[in-house]
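*Asks:* Sending over entry.pdb (PDB, C-alpha atoms, pLDDT in the B column).
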```
ATOM      1  CA  SER A   1       0.000   0.000   0.000  1.00 37.00           C
ATOM      2  CA  GLN A   2       1.086   3.573  -0.570  1.00 44.00           C
ATOM      3  CA  GLN A   3       2.834   5.214   2.350  1.00 58.00           C
ATOM      4  CA  GLY A   4       2.236   8.753   1.129  1.00 68.00           C
ATOM      5  CA  GLU A   5      -1.048  10.020  -0.243  1.00 80.00           C
ATOM      6  CA  GLU A   6      -1.301  13.432  -1.837  1.00 83.00           C
ATOM      7  CA  ASP A   7      -4.323  15.664  -1.734  1.00 85.00           C
ATOM      8  CA  PRO A   8      -5.835  17.038  -3.883  1.00 90.00           C
ATOM      9  CA  GLN A   9      -5.348  14.763  -6.876  1.00 90.00           C
ATOM     10  CA  ALA A  10      -5.603  17.752  -9.186  1.00 93.00           C
ATOM     11  CA  LEU A  11      -5.353  21.495  -8.645  1.00 94.00           C
ATOM     12  CA  SER A  12      -5.873  24.318 -11.134  1.00 95.00           C
ATOM     13  CA  ILE A  13      -5.100  27.932 -10.207  1.00 96.00           C
ATOM     14  CA  GLN A  14      -4.323  31.252 -11.853  1.00 97.00           C
ATOM     15  CA  GLU A  15      -0.773  32.408 -12.366  1.00 97.00           C
ATOM     16  CA  GLY A  16       0.414  34.427  -9.386  1.00 97.00           C
ATOM     17  CA  GLU A  17      -1.743  32.589  -6.868  1.00 97.00           C
ATOM     18  CA  ASN A  18      -0.358  30.257  -4.222  1.00 97.00           C
ATOM     19  CA  ALA A  19      -0.695  26.493  -4.555  1.00 97.00           C
ATOM     20  CA  THR A  20      -0.936  24.175  -1.571  1.00 96.00           C
ATOM     21  CA  MET A  21      -0.641  20.408  -1.742  1.00 96.00           C
ATOM     22  CA  ASN A  22      -0.883  17.971   1.123  1.00 95.00           C
ATOM     23  CA  CYS A  23       0.621  14.586   1.857  1.00 94.00           C
ATOM     24  CA  SER A  24      -0.477  12.123   4.512  1.00 93.00           C
ATOM     25  CA  TYR A  25       1.442   9.041   5.565  1.00 90.00           C
ATOM     26  CA  LYS A  26       0.863   6.095   7.834  1.00 87.00           C
ATOM     27  CA  THR A  27       3.995   5.063   9.705  1.00 84.00           C
ATOM     28  CA  SER A  28       6.769   6.925  11.481  1.00 85.00           C
ATOM     29  CA  ILE A  29       9.395   8.493   9.227  1.00 86.00           C
ATOM     30  CA  ASN A  30      12.936   9.809   9.337  1.00 85.00           C
ATOM     31  CA  ASN A  31      12.240  12.348   6.637  1.00 88.00           C
ATOM     32  CA  LEU A  32       9.816  13.246   3.893  1.00 92.00           C
ATOM     33  CA  GLN A  33      10.764  14.359   0.410  1.00 94.00           C
ATOM     34  CA  TRP A  34       8.905  16.239  -2.320  1.00 96.00           C
ATOM     35  CA  TYR A  35       9.544  15.724  -6.016  1.00 96.00           C
ATOM     36  CA  ARG A  36       8.260  17.334  -9.207  1.00 97.00           C
ATOM     37  CA  GLN A  37       7.552  15.542 -12.478  1.00 95.00           C
ATOM     38  CA  ASN A  38       7.138  17.272 -15.803  1.00 91.00           C
ATOM     39  CA  SER A  39       5.514  15.547 -18.766  1.00 80.00           C
ATOM     40  CA  GLY A  40       5.305  12.134 -17.129  1.00 66.00           C
ATOM     41  CA  ARG A  41       9.028  11.393 -17.231  1.00 78.00           C
ATOM     42  CA  GLY A  42      11.881  11.796 -14.737  1.00 86.00           C
ATOM     43  CA  LEU A  43      11.279  13.265 -11.305  1.00 94.00           C
ATOM     44  CA  VAL A  44      13.291  16.109  -9.841  1.00 95.00           C
ATOM     45  CA  HIS A  45      13.968  16.402  -6.150  1.00 95.00           C
ATOM     46  CA  LEU A  46      12.610  19.612  -4.609  1.00 97.00           C
ATOM     47  CA  ILE A  47      13.115  19.484  -0.888  1.00 96.00           C
ATOM     48  CA  LEU A  48      13.710  17.117   2.046  1.00 93.00           C
ATOM     49  CA  ILE A  49      12.389  17.786   5.510  1.00 94.00           C
ATOM     50  CA  ARG A  50      13.577  15.758   8.476  1.00 91.00           C
ATOM     51  CA  SER A  51      11.293  14.439  11.179  1.00 90.00           C
ATOM     52  CA  ASN A  52      12.677  16.894  13.749  1.00 92.00           C
ATOM     53  CA  GLU A  53      11.960  19.866  11.474  1.00 95.00           C
ATOM     54  CA  ARG A  54       8.601  21.621  11.297  1.00 96.00           C
ATOM     55  CA  GLU A  55       9.148  23.944   8.356  1.00 97.00           C
ATOM     56  CA  LYS A  56      11.613  24.389   5.558  1.00 97.00           C
ATOM     57  CA  HIS A  57      11.978  26.933   2.755  1.00 96.00           C
ATOM     58  CA  SER A  58      13.597  26.805  -0.632  1.00 95.00           C
ATOM     59  CA  GLY A  59      12.997  29.773  -2.913  1.00 96.00           C
ATOM     60  CA  ARG A  60       9.242  29.962  -3.539  1.00 97.00           C
ATOM     61  CA  LEU A  61       8.704  26.590  -1.868  1.00 97.00           C
ATOM     62  CA  ARG A  62       7.636  26.144   1.712  1.00 98.00           C
ATOM     63  CA  VAL A  63       7.248  22.702   3.244  1.00 98.00           C
ATOM     64  CA  THR A  64       5.729  21.947   6.616  1.00 97.00           C
ATOM     65  CA  LEU A  65       5.721  18.696   8.537  1.00 96.00           C
ATOM     66  CA  ASP A  66       3.376  17.701  11.357  1.00 96.00           C
ATOM     67  CA  THR A  67       4.500  14.340  12.683  1.00 93.00           C
ATOM     68  CA  SER A  68       1.641  14.204  15.196  1.00 94.00           C
ATOM     69  CA  LYS A  69      -0.852  14.311  12.305  1.00 94.00           C
ATOM     70  CA  LYS A  70       1.432  12.356   9.966  1.00 93.00           C
ATOM     71  CA  SER A  71       1.065  14.994   7.302  1.00 95.00           C
ATOM     72  CA  SER A  72       3.090  17.434   5.252  1.00 96.00           C
ATOM     73  CA  SER A  73       2.203  20.307   2.992  1.00 97.00           C
ATOM     74  CA  LEU A  74       3.978  21.886   0.047  1.00 97.00           C
ATOM     75  CA  LEU A  75       3.240  25.532  -0.664  1.00 98.00           C
ATOM     76  CA  ILE A  76       4.313  27.177  -3.905  1.00 97.00           C
ATOM     77  CA  THR A  77       4.018  30.934  -3.694  1.00 97.00           C
ATOM     78  CA  ALA A  78       3.497  33.323  -6.610  1.00 97.00           C
ATOM     79  CA  SER A  79       2.917  30.456  -9.033  1.00 97.00           C
ATOM     80  CA  ARG A  80       4.198  30.561 -12.608  1.00 96.00           C
ATOM     81  CA  ALA A  81       3.195  28.683 -15.730  1.00 95.00           C
ATOM     82  CA  ALA A  82       6.443  26.719 -15.446  1.00 94.00           C
ATOM     83  CA  ASP A  83       5.233  25.284 -12.132  1.00 96.00           C
ATOM     84  CA  THR A  84       2.685  23.207 -14.042  1.00 96.00           C
ATOM     85  CA  ALA A  85       3.666  19.621 -13.204  1.00 96.00           C
ATOM     86  CA  SER A  86       2.825  16.691 -10.967  1.00 95.00           C
ATOM     87  CA  TYR A  87       4.109  16.820  -7.407  1.00 96.00           C
ATOM     88  CA  PHE A  88       4.853  13.740  -5.313  1.00 95.00           C
ATOM     89  CA  CYS A  89       5.757  13.173  -1.711  1.00 94.00           C
ATOM     90  CA  ALA A  90       8.017  10.265  -0.802  1.00 92.00           C
ATOM     91  CA  THR A  91       8.578   8.571   2.514  1.00 89.00           C
ATOM     92  CA  ALA A  92      10.722   5.694   3.626  1.00 77.00           C
ATOM     93  CA  GLN A  93       9.108   2.326   3.986  1.00 63.00           C
ATOM     94  CA  GLY A  94      11.553   0.317   5.984  1.00 61.00           C
ATOM     95  CA  ALA A  95      15.179   1.344   6.210  1.00 60.00           C
ATOM     96  CA  GLN A  96      15.919   2.114   2.631  1.00 67.00           C
ATOM     97  CA  LYS A  97      12.987   1.956   0.284  1.00 75.00           C
ATOM     98  CA  LEU A  98      11.358   5.226  -0.772  1.00 83.00           C
ATOM     99  CA  VAL A  99       7.650   4.965  -1.510  1.00 84.00           C
ATOM    100  CA  PHE A 100       5.847   7.606  -3.521  1.00 89.00           C
ATOM    101  CA  GLY A 101       2.247   8.709  -3.398  1.00 86.00           C
ATOM    102  CA  GLN A 102      -0.140   9.114  -6.331  1.00 88.00           C
ATOM    103  CA  GLY A 103       0.763  12.752  -6.827  1.00 92.00           C
ATOM    104  CA  THR A 104      -1.022  16.061  -7.276  1.00 94.00           C
ATOM    105  CA  ARG A 105      -1.393  17.366 -10.830  1.00 94.00           C
ATOM    106  CA  LEU A 106      -0.950  21.121 -10.682  1.00 96.00           C
ATOM    107  CA  THR A 107      -2.031  23.342 -13.570  1.00 96.00           C
ATOM    108  CA  ILE A 108      -1.165  27.026 -13.603  1.00 96.00           C
ATOM    109  CA  ASN A 109      -3.426  29.021 -15.910  1.00 95.00           C
ATOM    110  CA  PRO A 110      -2.006  32.185 -17.506  1.00 90.00           C
TER
ATOM    111  CA  GLY B   1      27.986  10.611 -16.703  1.00 53.00           C
ATOM    112  CA  ALA B   2      26.278  13.804 -15.678  1.00 80.00           C
ATOM    113  CA  GLY B   3      22.962  12.185 -14.887  1.00 93.00           C
ATOM    114  CA  VAL B   4      21.065   8.934 -14.809  1.00 96.00           C
ATOM    115  CA  SER B   5      20.757   7.571 -18.323  1.00 96.00           C
ATOM    116  CA  GLN B   6      18.057   5.153 -19.453  1.00 97.00           C
ATOM    117  CA  SER B   7      17.707   3.355 -22.744  1.00 97.00           C
ATOM    118  CA  PRO B   8      15.786   2.985 -24.866  1.00 97.00           C
ATOM    119  CA  SER B   9      13.637   6.050 -24.268  1.00 96.00           C
ATOM    120  CA  ASN B  10      10.747   4.355 -26.029  1.00 97.00           C
ATOM    121  CA  LYS B  11      10.074   0.702 -26.701  1.00 97.00           C
ATOM    122  CA  VAL B  12       7.182  -0.802 -28.610  1.00 98.00           C
ATOM    123  CA  THR B  13       6.852  -4.552 -28.460  1.00 97.00           C
ATOM    124  CA  GLU B  14       4.356  -7.276 -29.182  1.00 97.00           C
ATOM    125  CA  LYS B  15       2.582  -9.188 -26.487  1.00 97.00           C
ATOM    126  CA  GLY B  16       4.607 -12.241 -25.499  1.00 97.00           C
ATOM    127  CA  LYS B  17       8.010 -10.821 -26.423  1.00 98.00           C
ATOM    128  CA  ASP B  18      10.797 -10.221 -23.924  1.00 98.00           C
ATOM    129  CA  VAL B  19      12.202  -6.733 -23.362  1.00 98.00           C
ATOM    130  CA  GLU B  20      15.314  -5.455 -21.656  1.00 98.00           C
ATOM    131  CA  LEU B  21      15.580  -1.963 -20.221  1.00 98.00           C
ATOM    132  CA  ARG B  22      18.867  -0.381 -19.273  1.00 97.00           C
ATOM    133  CA  CYS B  23      19.884   2.107 -16.619  1.00 97.00           C
ATOM    134  CA  ASP B  24      23.248   3.832 -16.194  1.00 96.00           C
ATOM    135  CA  PRO B  25      23.342   5.474 -12.760  1.00 95.00           C
ATOM    136  CA  ILE B  26      25.411   8.471 -11.805  1.00 94.00           C
ATOM    137  CA  SER B  27      29.031   7.427 -11.291  1.00 92.00           C
ATOM    138  CA  GLY B  28      29.724   6.677  -7.648  1.00 89.00           C
ATOM    139  CA  HIS B  29      26.098   6.182  -6.689  1.00 91.00           C
ATOM    140  CA  THR B  30      25.803   2.937  -4.787  1.00 90.00           C
ATOM    141  CA  ALA B  31      22.009   2.782  -4.577  1.00 91.00           C
ATOM    142  CA  LEU B  32      19.791   2.135  -7.596  1.00 93.00           C
ATOM    143  CA  TYR B  33      16.013   1.908  -7.805  1.00 94.00           C
ATOM    144  CA  TRP B  34      13.517   0.836 -10.449  1.00 96.00           C
ATOM    145  CA  TYR B  35       9.966   2.175 -10.419  1.00 95.00           C
ATOM    146  CA  ARG B  36       6.999   1.671 -12.713  1.00 96.00           C
ATOM    147  CA  GLN B  37       4.485   4.406 -13.484  1.00 95.00           C
ATOM    148  CA  ARG B  38       1.278   3.685 -15.336  1.00 93.00           C
ATOM    149  CA  LEU B  39      -0.415   6.546 -17.145  1.00 89.00           C
ATOM    150  CA  GLY B  40      -1.693   9.141 -14.712  1.00 84.00           C
ATOM    151  CA  GLN B  41      -0.658   7.099 -11.702  1.00 87.00           C
ATOM    152  CA  GLY B  42       1.973   7.307  -8.995  1.00 88.00           C
ATOM    153  CA  LEU B  43       5.294   5.513  -8.849  1.00 92.00           C
ATOM    154  CA  GLU B  44       5.217   1.828  -8.023  1.00 92.00           C
ATOM    155  CA  PHE B  45       8.394   0.503  -6.400  1.00 92.00           C
ATOM    156  CA  LEU B  46       9.883  -2.502  -8.197  1.00 95.00           C
ATOM    157  CA  ILE B  47      13.385  -3.264  -6.952  1.00 94.00           C
ATOM    158  CA  TYR B  48      16.278  -1.687  -5.065  1.00 91.00           C
ATOM    159  CA  PHE B  49      20.037  -2.374  -5.241  1.00 92.00           C
ATOM    160  CA  GLN B  50      22.557  -1.186  -2.684  1.00 89.00           C
ATOM    161  CA  GLY B  51      26.202  -1.976  -3.296  1.00 85.00           C
ATOM    162  CA  ASN B  52      26.900  -5.683  -3.016  1.00 84.00           C
ATOM    163  CA  SER B  53      23.948  -6.387  -0.712  1.00 87.00           C
ATOM    164  CA  ALA B  54      21.134  -8.662  -1.792  1.00 89.00           C
ATOM    165  CA  PRO B  55      18.586  -6.583  -3.728  1.00 91.00           C
ATOM    166  CA  ASP B  56      15.162  -5.768  -2.335  1.00 90.00           C
ATOM    167  CA  LYS B  57      12.876  -7.427  -4.896  1.00 92.00           C
ATOM    168  CA  SER B  58       9.696  -7.003  -2.882  1.00 90.00           C
ATOM    169  CA  GLY B  59       8.043  -4.803  -5.509  1.00 92.00           C
ATOM    170  CA  LEU B  60       8.448  -7.038  -8.548  1.00 95.00           C
ATOM    171  CA  PRO B  61       4.865  -7.819  -9.651  1.00 94.00           C
ATOM    172  CA  SER B  62       5.493 -11.304 -11.016  1.00 93.00           C
ATOM    173  CA  ASP B  63       8.211 -13.789 -11.877  1.00 94.00           C
ATOM    174  CA  ARG B  64       8.200 -12.382 -15.404  1.00 97.00           C
ATOM    175  CA  PHE B  65      10.132  -9.424 -14.013  1.00 97.00           C
ATOM    176  CA  SER B  66      13.795  -9.616 -13.072  1.00 97.00           C
ATOM    177  CA  ALA B  67      16.637  -7.172 -12.682  1.00 97.00           C
ATOM    178  CA  GLU B  68      20.387  -7.324 -12.432  1.00 95.00           C
ATOM    179  CA  ARG B  69      23.102  -4.926 -11.510  1.00 94.00           C
ATOM    180  CA  THR B  70      26.827  -5.433 -11.957  1.00 84.00           C
ATOM    181  CA  GLY B  71      28.604  -3.946  -8.976  1.00 79.00           C
ATOM    182  CA  GLU B  72      27.786  -0.255  -8.735  1.00 79.00           C
ATOM    183  CA  SER B  73      27.245   0.263 -12.432  1.00 89.00           C
ATOM    184  CA  VAL B  74      24.683  -0.554 -15.063  1.00 95.00           C
ATOM    185  CA  SER B  75      21.383  -2.226 -14.249  1.00 97.00           C
ATOM    186  CA  THR B  76      19.030  -4.043 -16.589  1.00 98.00           C
ATOM    187  CA  LEU B  77      15.345  -4.712 -15.993  1.00 98.00           C
ATOM    188  CA  THR B  78      14.014  -7.647 -17.990  1.00 98.00           C
ATOM    189  CA  ILE B  79      10.355  -8.362 -18.600  1.00 98.00           C
ATOM    190  CA  GLN B  80       9.629 -11.756 -20.089  1.00 98.00           C
ATOM    191  CA  ARG B  81       6.521 -12.646 -22.072  1.00 98.00           C
ATOM    192  CA  THR B  82       5.241  -9.081 -21.952  1.00 98.00           C
ATOM    193  CA  GLN B  83       1.560  -8.388 -21.384  1.00 97.00           C
ATOM    194  CA  GLN B  84      -0.456  -5.302 -22.267  1.00 97.00           C
ATOM    195  CA  GLU B  85      -0.702  -4.492 -18.552  1.00 96.00           C
ATOM    196  CA  ASP B  86       3.076  -4.027 -18.548  1.00 97.00           C
ATOM    197  CA  SER B  87       2.680  -0.865 -20.634  1.00 97.00           C
ATOM    198  CA  ALA B  88       4.029   1.968 -18.522  1.00 97.00           C
ATOM    199  CA  VAL B  89       6.988   4.265 -18.014  1.00 96.00           C
ATOM    200  CA  TYR B  90       9.833   2.505 -16.234  1.00 97.00           C
ATOM    201  CA  LEU B  91      11.911   4.904 -14.179  1.00 97.00           C
ATOM    202  CA  CYS B  92      15.370   4.338 -12.775  1.00 97.00           C
ATOM    203  CA  ALA B  93      16.889   6.398  -9.976  1.00 95.00           C
ATOM    204  CA  SER B  94      20.172   6.407  -8.110  1.00 93.00           C
ATOM    205  CA  SER B  95      21.520   7.957  -4.942  1.00 91.00           C
ATOM    206  CA  THR B  96      24.865   8.296  -3.249  1.00 87.00           C
ATOM    207  CA  ALA B  97      24.097   5.809  -0.511  1.00 74.00           C
ATOM    208  CA  GLY B  98      21.410   3.442   0.602  1.00 64.00           C
ATOM    209  CA  SER B  99      20.001   5.738   3.227  1.00 67.00           C
ATOM    210  CA  THR B 100      16.585   7.287   2.653  1.00 67.00           C
ATOM    211  CA  ASN B 101      18.084  10.539   3.882  1.00 73.00           C
ATOM    212  CA  GLU B 102      19.542  10.875   0.419  1.00 82.00           C
ATOM    213  CA  LYS B 103      17.658  12.379  -2.487  1.00 89.00           C
ATOM    214  CA  LEU B 104      17.113  10.344  -5.627  1.00 92.00           C
ATOM    215  CA  PHE B 105      18.275  11.355  -9.074  1.00 94.00           C
ATOM    216  CA  PHE B 106      15.946  10.057 -11.772  1.00 96.00           C
ATOM    217  CA  GLY B 107      16.498   9.176 -15.394  1.00 96.00           C
ATOM    218  CA  SER B 108      14.007  10.211 -18.066  1.00 95.00           C
ATOM    219  CA  GLY B 109      12.471   6.765 -18.130  1.00 96.00           C
ATOM    220  CA  THR B 110      11.622   4.179 -20.757  1.00 97.00           C
ATOM    221  CA  GLN B 111       8.118   4.332 -22.190  1.00 97.00           C
ATOM    222  CA  LEU B 112       7.116   0.718 -22.822  1.00 98.00           C
ATOM    223  CA  SER B 113       4.139  -0.003 -25.041  1.00 97.00           C
ATOM    224  CA  VAL B 114       2.959  -3.584 -25.400  1.00 97.00           C
ATOM    225  CA  LEU B 115       0.653  -4.098 -28.365  1.00 96.00           C
TER
END
```
Starting from the coordinates I provided, produce the structure as structure tokens.
*Replies:*
Amino acid sequence: SQQGEEDPQALSIQEGENATMNCSYKTSINNLQWYRQNSGRGLVHLILIRSNEREKHSGRLRVTLDTSKKSSSLLITASRAADTASYFCATAQGAQKLVFGQGTRLTINP
Amino acid sequence: GAGVSQSPSNKVTEKGKDVELRCDPISGHTALYWYRQRLGQGLEFLIYFQGNSAPDKSGLPSDRFSAERTGESVSTLTIQRTQQEDSAVYLCASSTAGSTNEKLFFGSGTQLSVL
């Protein structure tokens, strides 16, 4: 079964608005990672947040982690057309295996 | 190389044929993963290699699927007697070590179409 589940499955917003995606997981984790996928091919790592961190920033990205609720959120501020992609969270299942969720398909409308 | 390289980028085959997919990880990366992604779906874990340790094959969907890796270099994923349900993008990723504290670097994938 999937460890991480993203919500919503699809999100469509206007350029310039903020986009928020959520990820829920089931078991305890050491860290949680977010990836972006353009055009259904290779994924690109965006950010990693450790279990003892509550918030992390990278450019226009802000990630939060609530281990008590077993959830994380990815916020993209001031969205651009180039942000159109699918976004996945990934958590460790066992010591070494990264398991990905189903993803959120984000569309930024000009 | 500069990144993870996968070949072929596209493969069309007939039902029942065998196919072999190749992955060249980033030089020095000891961990290598294979994932499968059906259209519009998430990534499905297939197999994981870490150095000379026994691979984690827990995600292989059937005995038609197998994978090999020579040391810390190239890996091949073989699908025997392909079925239409095998149609998907097969993604390879590598990382510097086997820890899940490391980020994965992905190749561009192989789009497999079984007719």
*Asks:* Quick one: which residues end up in the PyMOL selection byres ((chain A and resi 33) around 7) for this structure, as a list of chain:residue names?
*Replies:*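 Taken over the shown coordinates, the PyMOL selection byres ((chain A and resi 33) around 7) returns A:Asn31, A:Leu32, A:Trp34, A:Tyr35, A:Ile47, A:Leu48, A:Ile49, A:Cys89, A:Ala90, A:Thr91.
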*Asks:* Quick one: everything within 12 Å of Tyr35 in chain B, counting only C-alpha atoms, minus sequence neighbours fewer than 6 positions away in the same chain. Send it as a PyMOL selection string.
*Replies:* (chain A and resi 41-43+97-100) or (chain B and resi 23+41-48+57-61+67+77+88-94+104+106-110)
*Asks:* How would the residues just picked look written out with C-alpha atoms as a PDB file, keeping the file's coordinate frame?
*Replies:*
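Done, and the output landed in part_19.pdb:
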```pdb
ATOM      1  CA  ARG A  41       9.028  11.393 -17.231  1.00 78.00           C
ATOM      2  CA  GLY A  42      11.881  11.796 -14.737  1.00 86.00           C
ATOM      3  CA  LEU A  43      11.279  13.265 -11.305  1.00 94.00           C
ATOM      4  CA  LYS A  97      12.987   1.956   0.284  1.00 75.00           C
ATOM      5  CA  LEU A  98      11.358   5.226  -0.772  1.00 83.00           C
ATOM      6  CA  VAL A  99       7.650   4.965  -1.510  1.00 84.00           C
ATOM      7  CA  PHE A 100       5.847   7.606  -3.521  1.00 89.00           C
TER       8      PHE A 100
ATOM      9  CA  CYS B  23      19.884   2.107 -16.619  1.00 97.00           C
ATOM     10  CA  GLN B  41      -0.658   7.099 -11.702  1.00 87.00           C
ATOM     11  CA  GLY B  42       1.973   7.307  -8.995  1.00 88.00           C
ATOM     12  CA  LEU B  43       5.294   5.513  -8.849  1.00 92.00           C
ATOM     13  CA  GLU B  44       5.217   1.828  -8.023  1.00 92.00           C
ATOM     14  CA  PHE B  45       8.394   0.503  -6.400  1.00 92.00           C
ATOM     15  CA  LEU B  46       9.883  -2.502  -8.197  1.00 95.00           C
ATOM     16  CA  ILE B  47      13.385  -3.264  -6.952  1.00 94.00           C
ATOM     17  CA  TYR B  48      16.278  -1.687  -5.065  1.00 91.00           C
ATOM     18  CA  LYS B  57      12.876  -7.427  -4.896  1.00 92.00           C
ATOM     19  CA  SER B  58       9.696  -7.003  -2.882  1.00 90.00           C
ATOM     20  CA  GLY B  59       8.043  -4.803  -5.509  1.00 92.00           C
ATOM     21  CA  LEU B  60       8.448  -7.038  -8.548  1.00 95.00           C
ATOM     22  CA  PRO B  61       4.865  -7.819  -9.651  1.00 94.00           C
ATOM     23  CA  ALA B  67      16.637  -7.172 -12.682  1.00 97.00           C
ATOM     24  CA  LEU B  77      15.345  -4.712 -15.993  1.00 98.00           C
ATOM     25  CA  ALA B  88       4.029   1.968 -18.522  1.00 97.00           C
ATOM     26  CA  VAL B  89       6.988   4.265 -18.014  1.00 96.00           C
ATOM     27  CA  TYR B  90       9.833   2.505 -16.234  1.00 97.00           C
ATOM     28  CA  LEU B  91      11.911   4.904 -14.179  1.00 97.00           C
ATOM     29  CA  CYS B  92      15.370   4.338 -12.775  1.00 97.00           C
ATOM     30  CA  ALA B  93      16.889   6.398  -9.976  1.00 95.00           C
ATOM     31  CA  SER B  94      20.172   6.407  -8.110  1.00 93.00           C
ATOM     32  CA  LEU B 104      17.113  10.344  -5.627  1.00 92.00           C
ATOM     33  CA  PHE B 106      15.946  10.057 -11.772  1.00 96.00           C
ATOM     34  CA  GLY B 107      16.498   9.176 -15.394  1.00 96.00           C
ATOM     35  CA  SER B 108      14.007  10.211 -18.066  1.00 95.00           C
ATOM     36  CA  GLY B 109      12.471   6.765 -18.130  1.00 96.00           C
ATOM     37  CA  THR B 110      11.622   4.179 -20.757  1.00 97.00           C
TER      38      THR B 110
END
```
*Asks:* Which value, in Å to one decimal, gives the distance between CA of Gly59 in chain A and CA of Gly3 in chain B?
*Replies:*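 It comes out at 23.5 Å.
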*Asks:* Quick one: residues within 10 Å of Tyr25 in chain A, only C-alpha atoms, excluding same-chain residues fewer than 2 positions away - as a PyMOL selection string?
*Replies:* chain A and resi 2-6+23+27-29+32+67+69-72+89-91+101
*Asks:* Could you list as a PyMOL selection string every residue that has an atom within 9 Å of (19.3, -2.2, -21.3), using the file's coordinates and counting only C-alpha atoms?
*Replies:* chain B and resi 6-8+19-24+74-78
*Asks:* Please measure the separation of CA of Val12 in chain B and CA of His45 in chain A, giving the value in Å to one decimal.
*Replies:* 29.1 Å
*Asks:* From (20.6, -7.0, -2.5), in the file's coordinates, out to 12 Å: which residues are reached, counting all atoms listed in the file? Answer as a ChimeraX atom specification.
*Replies:* /A:96 /B:30-33,47-58,67-72,98
*Asks:* Restricting the calculation to only C-alpha atoms, which member of B:Ser87, B:Asn101, B:Gln80, B:Ser73 is positioned closest to chain A?
*Replies:* B:Asn101
*Asks:* Need the shell around Ser86 in chain A: protein/DNA/RNA residues with any atom at most 7 Å away, counting all atoms listed in the file. Skip same-chain ones fewer than 5 positions apart. Format as a short mmCIF file (atom, residue, chain, number, x, y, z; two decimals) with C-alpha atoms, in the coordinates of the input?
*Replies:*
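Dumped to around.cif:
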```cif
data_model
loop_
_atom_site.label_atom_id
_atom_site.label_comp_id
_atom_site.auth_asym_id
_atom_site.auth_seq_id
_atom_site.Cartn_x
_atom_site.Cartn_y
_atom_site.Cartn_z
CA ARG A 36 8.26 17.33 -9.21
CA GLN A 37 7.55 15.54 -12.48
CA ASN A 38 7.14 17.27 -15.80
CA GLY A 103 0.76 12.75 -6.83
CA THR A 104 -1.02 16.06 -7.28
CA ARG A 105 -1.39 17.37 -10.83
CA LEU A 106 -0.95 21.12 -10.68
#
```
*Asks:* Separation of CA of Ile26 in chain B and CA of Ser9 in chain B, in Å?
*Replies:*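 These atoms are spaced 17.3 Å apart.
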*Asks:* What does the PyMOL selection byres ((chain A and resi 12) around 9) select in this file, as a PyMOL selection string?
*Replies:* chain A and resi 10-11+13-14+19+105-109
*Asks:* Can I get the selection written as a compact mmCIF listing (two decimals), keeping the file's coordinate frame, with C-alpha atoms?
*Replies:*
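Once everything was written out, this is again_25.txt:
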```
# COMPACT_ATOMS: atom_id res chain seq x y z
CA ALA A 10 -5.60 17.75 -9.19
CA LEU A 11 -5.35 21.50 -8.64
CA ILE A 13 -5.10 27.93 -10.21
CA GLN A 14 -4.32 31.25 -11.85
CA ALA A 19 -0.70 26.49 -4.56
CA ARG A 105 -1.39 17.37 -10.83
CA LEU A 106 -0.95 21.12 -10.68
CA THR A 107 -2.03 23.34 -13.57
CA ILE A 108 -1.16 27.03 -13.60
CA ASN A 109 -3.43 29.02 -15.91
```
*Asks:* Enumerate, as an MDAnalysis selection string, the residues matched when the PyMOL selection byres ((chain B and resi 85) around 12) is run on the file above.
*Replies:* chainID B and resid 15:16 36:39 61:62 79 81:84 86:89 112:115
*Asks:* Which of these, A:Ala85, A:Ala92, A:Leu75, A:Leu61, has the shortest distance to Gly40 in chain B once you count only C-alpha atoms?
*Replies:*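 Result for the nearest residue to Gly40 in chain B: A:Ala85.
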*Asks:* Neighbours of range 64-66 of chain A within 8 Å (all atoms listed in the file; same-chain residues fewer than 5 positions away dropped), as a list of chain:residue names?
*Replies:* A:Ile49, A:Ser51, A:Glu53, A:Arg54, A:Glu55, A:Lys56, A:Ser71, A:Ser72, A:Ser73, A:Leu74
*Asks:* Around range 88-104 of chain B, with edges along x, y and z and 4 Å added on all six sides, what centre and edge lengths do you get, in Å to one decimal, as AutoDock Vina command-line options?
*Replies:*
```
--center_x 14.4 --center_y 7.2 --center_z -7.3 --size_x 28.8 --size_y 18.4 --size_z 30.4
```
*Asks:* Using all atoms listed in the file, which of the listed residues (A:Asn18, A:Thr84, A:Asn30, A:Asp7) sits closest to chain B?
*Replies:*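 Looking at the shortest contact to chain B, the residue is A:Asn30.
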